[in-house]
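Printed here is work09.pdb (PDB, C-alpha atoms and all ligand atoms):
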ATOM      1  CA  MET A   1      24.773  54.778  -9.761  1.00  0.00           C
ATOM      2  CA  LYS A   2      24.562  58.138 -11.440  1.00  0.00           C
ATOM      3  CA  VAL A   3      21.647  58.101 -13.811  1.00  0.00           C
ATOM      4  CA  TYR A   4      21.409  61.665 -15.047  1.00  0.00           C
ATOM      5  CA  GLY A   5      24.945  62.330 -16.188  1.00  0.00           C
ATOM      6  CA  THR A   6      26.253  63.553 -19.463  1.00  0.00           C
ATOM      7  CA  ARG A   7      23.909  63.261 -22.370  1.00  0.00           C
ATOM      8  CA  ARG A   8      25.195  62.056 -25.686  1.00  0.00           C
ATOM      9  CA  PRO A   9      23.878  62.539 -29.200  1.00  0.00           C
ATOM     10  CA  CYS A  10      21.215  60.046 -30.102  1.00  0.00           C
ATOM     11  CA  PRO A  11      22.820  57.335 -32.297  1.00  0.00           C
ATOM     12  CA  ARG A  12      19.591  56.669 -34.164  1.00  0.00           C
ATOM     13  CA  CYS A  13      18.875  60.194 -35.430  1.00  0.00           C
ATOM     14  CA  ASN A  14      22.376  61.638 -34.861  1.00  0.00           C
ATOM     15  CA  GLY A  15      20.875  64.457 -32.849  1.00  0.00           C
ATOM     16  CA  GLN A  16      18.501  65.397 -35.673  1.00  0.00           C
ATOM     17  CA  LYS A  17      15.465  64.523 -33.482  1.00  0.00           C
ATOM     18  CA  MET A  18      13.672  63.095 -36.503  1.00  0.00           C
ATOM     19  CA  THR A  19      14.130  59.865 -38.419  1.00  0.00           C
ATOM     20  CA  LYS A  20      12.877  58.671 -41.765  1.00  0.00           C
ATOM     21  CA  HIS A  21       9.688  56.697 -41.681  1.00  0.00           C
ATOM     22  CA  PRO A  22      10.647  53.006 -42.123  1.00  0.00           C
ATOM     23  CA  ALA A  23       7.912  52.332 -44.659  1.00  0.00           C
ATOM     24  CA  ASN A  24       8.040  55.668 -46.419  1.00  0.00           C
ATOM     25  CA  PRO A  25      11.538  57.232 -46.473  1.00  0.00           C
ATOM     26  CA  ARG A  26      10.197  60.531 -47.775  1.00  0.00           C
ATOM     27  CA  GLU A  27       8.281  61.020 -44.573  1.00  0.00           C
ATOM     28  CA  VAL A  28       9.992  61.884 -41.308  1.00  0.00           C
ATOM     29  CA  GLN A  29       8.833  61.035 -37.827  1.00  0.00           C
ATOM     30  CA  ILE A  30       9.943  61.939 -34.320  1.00  0.00           C
ATOM     31  CA  CYS A  31      12.874  59.737 -33.351  1.00  0.00           C
ATOM     32  CA  CYS A  32      11.581  56.943 -31.127  1.00  0.00           C
ATOM     33  CA  THR A  33      14.937  56.318 -29.462  1.00  0.00           C
ATOM     34  CA  CYS A  34      15.362  59.790 -27.956  1.00  0.00           C
ATOM     35  CA  ASP A  35      11.680  60.818 -28.190  1.00  0.00           C
ATOM     36  CA  GLY A  36      12.630  63.791 -30.309  1.00  0.00           C
ATOM     37  CA  LEU A  37      15.169  65.151 -27.816  1.00  0.00           C
ATOM     38  CA  GLY A  38      18.187  64.538 -30.034  1.00  0.00           C
ATOM     39  CA  SER A  39      20.223  63.223 -27.119  1.00  0.00           C
ATOM     40  CA  ILE A  40      20.132  60.251 -24.797  1.00  0.00           C
ATOM     41  CA  SER A  41      21.338  59.697 -21.251  1.00  0.00           C
ATOM     42  CA  GLU A  42      24.377  57.653 -20.376  1.00  0.00           C
ATOM     43  CA  GLN A  43      22.072  55.014 -18.956  1.00  0.00           C
ATOM     44  CA  GLN A  44      20.035  54.840 -22.125  1.00  0.00           C
ATOM     45  CA  SER A  45      23.166  54.422 -24.202  1.00  0.00           C
ATOM     46  CA  LEU A  46      24.021  51.371 -22.078  1.00  0.00           C
ATOM     47  CA  TRP A  47      20.482  50.078 -22.582  1.00  0.00           C
ATOM     48  CA  LEU A  48      20.796  50.627 -26.314  1.00  0.00           C
ATOM     49  CA  LYS A  49      23.912  48.516 -26.432  1.00  0.00           C
ATOM     50  CA  ALA A  50      22.424  45.760 -24.294  1.00  0.00           C
ATOM     51  CA  GLY A  51      19.230  45.935 -26.355  1.00  0.00           C
ATOM     52  CA  ALA A  52      21.191  45.551 -29.578  1.00  0.00           C
ATOM     53  CA  ASP A  53      22.899  42.471 -28.117  1.00  0.00           C
ATOM     54  CA  LEU A  54      19.501  41.083 -27.188  1.00  0.00           C
ATOM     55  CA  LYS A  55      18.193  41.674 -30.694  1.00  0.00           C
ATOM     56  CA  GLN A  56      21.279  40.069 -32.207  1.00  0.00           C
ATOM     57  CA  PHE A  57      20.799  37.043 -29.976  1.00  0.00           C
ATOM     58  CA  ARG A  58      17.171  36.777 -31.089  1.00  0.00           C
ATOM     59  CA  ILE A  59      18.018  37.063 -34.787  1.00  0.00           C
ATOM     60  CA  GLU A  60      20.922  34.621 -34.539  1.00  0.00           C
ATOM     61  CA  HIS A  61      18.481  32.085 -33.124  1.00  0.00           C
ATOM     62  CA  GLY A  62      15.966  32.787 -35.857  1.00  0.00           C
ATOM     63  CA  LEU A  63      13.310  33.928 -33.407  1.00  0.00           C
ATOM     64  CA  HIS A  64      10.518  36.344 -34.182  1.00  0.00           C
ATOM     65  CA  LEU A  65       9.714  39.117 -31.699  1.00  0.00           C
ATOM     66  CA  LYS A  66       6.495  37.407 -30.690  1.00  0.00           C
ATOM     67  CA  ASP A  67       8.125  34.016 -30.068  1.00  0.00           C
ATOM     68  CA  PHE A  68      11.073  35.457 -28.171  1.00  0.00           C
ATOM     69  CA  ALA A  69       8.784  37.615 -26.018  1.00  0.00           C
ATOM     70  CA  GLY A  70       6.756  34.480 -25.261  1.00  0.00           C
ATOM     71  CA  MET A  71       9.874  32.608 -24.185  1.00  0.00           C
ATOM     72  CA  LEU A  72      10.820  35.473 -21.880  1.00  0.00           C
ATOM     73  CA  HIS A  73       7.259  35.768 -20.543  1.00  0.00           C
ATOM     74  CA  ILE A  74       7.079  39.423 -21.439  1.00  0.00           C
ATOM     75  CA  LYS A  75       4.898  41.415 -23.799  1.00  0.00           C
ATOM     76  CA  GLU A  76       5.977  41.896 -27.378  1.00  0.00           C
ATOM     77  CA  CYS A  77       5.932  45.677 -26.988  1.00  0.00           C
ATOM     78  CA  ASP A  78       8.158  45.450 -23.900  1.00  0.00           C
ATOM     79  CA  LEU A  79      10.663  43.414 -25.872  1.00  0.00           C
ATOM     80  CA  THR A  80      10.617  46.029 -28.637  1.00  0.00           C
ATOM     81  CA  ASP A  81      11.250  48.741 -26.043  1.00  0.00           C
ATOM     82  CA  MET A  82      14.177  46.736 -24.696  1.00  0.00           C
ATOM     83  CA  GLU A  83      15.679  46.196 -28.125  1.00  0.00           C
ATOM     84  CA  TYR A  84      15.458  49.916 -28.816  1.00  0.00           C
ATOM     85  CA  GLY A  85      16.897  50.891 -25.446  1.00  0.00           C
ATOM     86  CA  ARG A  86      13.715  52.531 -24.212  1.00  0.00           C
ATOM     87  CA  LYS A  87      13.494  50.074 -21.337  1.00  0.00           C
ATOM     88  CA  GLN A  88      16.149  48.288 -19.311  1.00  0.00           C
ATOM     89  CA  PRO A  89      16.888  45.156 -21.346  1.00  0.00           C
ATOM     90  CA  ILE A  90      17.217  41.696 -19.899  1.00  0.00           C
ATOM     91  CA  SER A  91      20.928  41.020 -19.498  1.00  0.00           C
ATOM     92  CA  MET A  92      22.633  38.123 -21.219  1.00  0.00           C
ATOM     93  CA  ASP A  93      23.172  36.498 -17.804  1.00  0.00           C
ATOM     94  CA  GLU A  94      19.473  36.699 -16.992  1.00  0.00           C
ATOM     95  CA  LEU A  95      18.676  35.425 -20.458  1.00  0.00           C
ATOM     96  CA  LEU A  96      20.742  32.281 -19.996  1.00  0.00           C
ATOM     97  CA  VAL A  97      18.976  31.590 -16.700  1.00  0.00           C
ATOM     98  CA  ILE A  98      15.519  32.018 -18.253  1.00  0.00           C
ATOM     99  CA  LEU A  99      16.120  30.009 -21.412  1.00  0.00           C
TER     100      LEU A  99
HETATM  101 ZN    ZN B   1      17.025  60.287 -31.676  1.00  0.00          ZN
END
Go ahead and render the structure in this file as C-alpha cells.
Amino acid sequence: MKVYGTRRPCPRCNGQKMTKHPANPREVQICCTCDGLGSISEQQSLWLKAGADLKQFRIEHGLHLKDFAGMLHIKECDLTDMEYGRKQPISMDELLVIL
C-alpha cells in the first residue's frame, strides 16, 4: 500500500494550518489534525473518515470517551487520536468483534 502519496488540504483547518481555540474562538492554535502542515496524507484522510465513523458510533450509543476507551481496552488519549485521524482507528469490523 502506498502511504506517502498525494497530500490533500486538511479538512479541519482548510489548509490554514491554524484553528480557532475551542474554548476561546478569538484565540488560534496550531491545527491538531495536520500538526500545522495544512495538508494531510491520503492515509490520514482515510483514518479521519474511519475515526469520524468511530466517534459517531460512540455518540449514537451515548458513550463518553472514557467509557468507550475502557470498553476497547485502550487509553482515552489513544481513542481521541483515533477519532481525530492521528492514529489508525479501530475498524467497524474489529469493533463488532470486541464489543
Ligand atoms: Zn489542519
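The residue that comes closest to ligand ZN 1 (chain B), out of A:Phe57, A:Trp47, A:Tyr84, A:Phe68 and on the basis of all atoms listed in the file, is A:Tyr84.
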Which residues come within 10 Å of Thr80 in chain A, counting all atoms listed in the file, excluding same-chain residues fewer than 4 positions away, as an mmCIF file with C-alpha atoms, keeping the file's coordinate frame?
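Result file is out.cif:
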data_model
loop_
_atom_site.group_PDB
_atom_site.id
_atom_site.type_symbol
_atom_site.label_atom_id
_atom_site.label_comp_id
_atom_site.auth_asym_id
_atom_site.auth_seq_id
_atom_site.Cartn_x
_atom_site.Cartn_y
_atom_site.Cartn_z
ATOM 1 C CA GLY A 51 19.230 45.935 -26.355
ATOM 2 C CA LYS A 55 18.193 41.674 -30.694
ATOM 3 C CA LEU A 65 9.714 39.117 -31.699
ATOM 4 C CA LYS A 66 6.495 37.407 -30.690
ATOM 5 C CA ALA A 69 8.784 37.615 -26.018
ATOM 6 C CA LYS A 75 4.898 41.415 -23.799
ATOM 7 C CA GLU A 76 5.977 41.896 -27.378
ATOM 8 C CA TYR A 84 15.458 49.916 -28.816
ATOM 9 C CA GLY A 85 16.897 50.891 -25.446
ATOM 10 C CA ARG A 86 13.715 52.531 -24.212
ATOM 11 C CA LYS A 87 13.494 50.074 -21.337
ATOM 12 C CA PRO A 89 16.888 45.156 -21.346
#
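Listed by chain and then by number, the residues chosen by the PyMOL selection byres (((not hetatm)) within 7 of (chain B and resi 1)) in this file are Cys10, Pro11, Arg12, Cys13, Asn14, Gly15, Gln16, Lys17, Met18, Cys31, Cys32, Thr33, Cys34, Asp35, Gly36, Leu37, Gly38 and Ser39 of chain A.
Between Leu99 in chain A and the candidates A:Cys77, A:Met82, A:Leu72, A:Thr19, the tightest atom-to-atom separation, counting only C-alpha atoms, involves A:Leu72.
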Students should find that CA of Ile40 in chain A and CA of Thr6 in chain A are spaced 8.8 Å
note - CA of Glu94 in chain A and CA of His64 in chain A are separated by 19.4 Å
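A straight line drawn from CA of Leu48 in chain A to CA of Ile90 in chain A is 11.6 Å long.
The closest residue to Arg7 in chain A, picked from A:Gly62, A:Asp78, A:Asp93, A:Ser41 and counting only C-alpha atoms, is A:Ser41.
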Would you place a box with edges along x, y and z of the file around all atoms of range 60-74 of chain A listed there, add 5 Å to each of its six sides, and report the centre and edge lengths in Å to one decimal, as JSON?
{"center_x": 13.7, "center_y": 35.8, "center_z": -28.2, "size_x": 24.4, "size_y": 17.3, "size_z": 25.3}
Test item: residues at most 9 Å from Asp53 in chain A, only C-alpha atoms, excluding those fewer than 4 positions along its chain, as a count of residues only: 7
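Considering the residues A:Leu63, A:Ser45, A:Ile98, A:Leu54 and counting only C-alpha atoms, Leu79 in chain A has its shortest atom-to-atom contact with A:Leu54.
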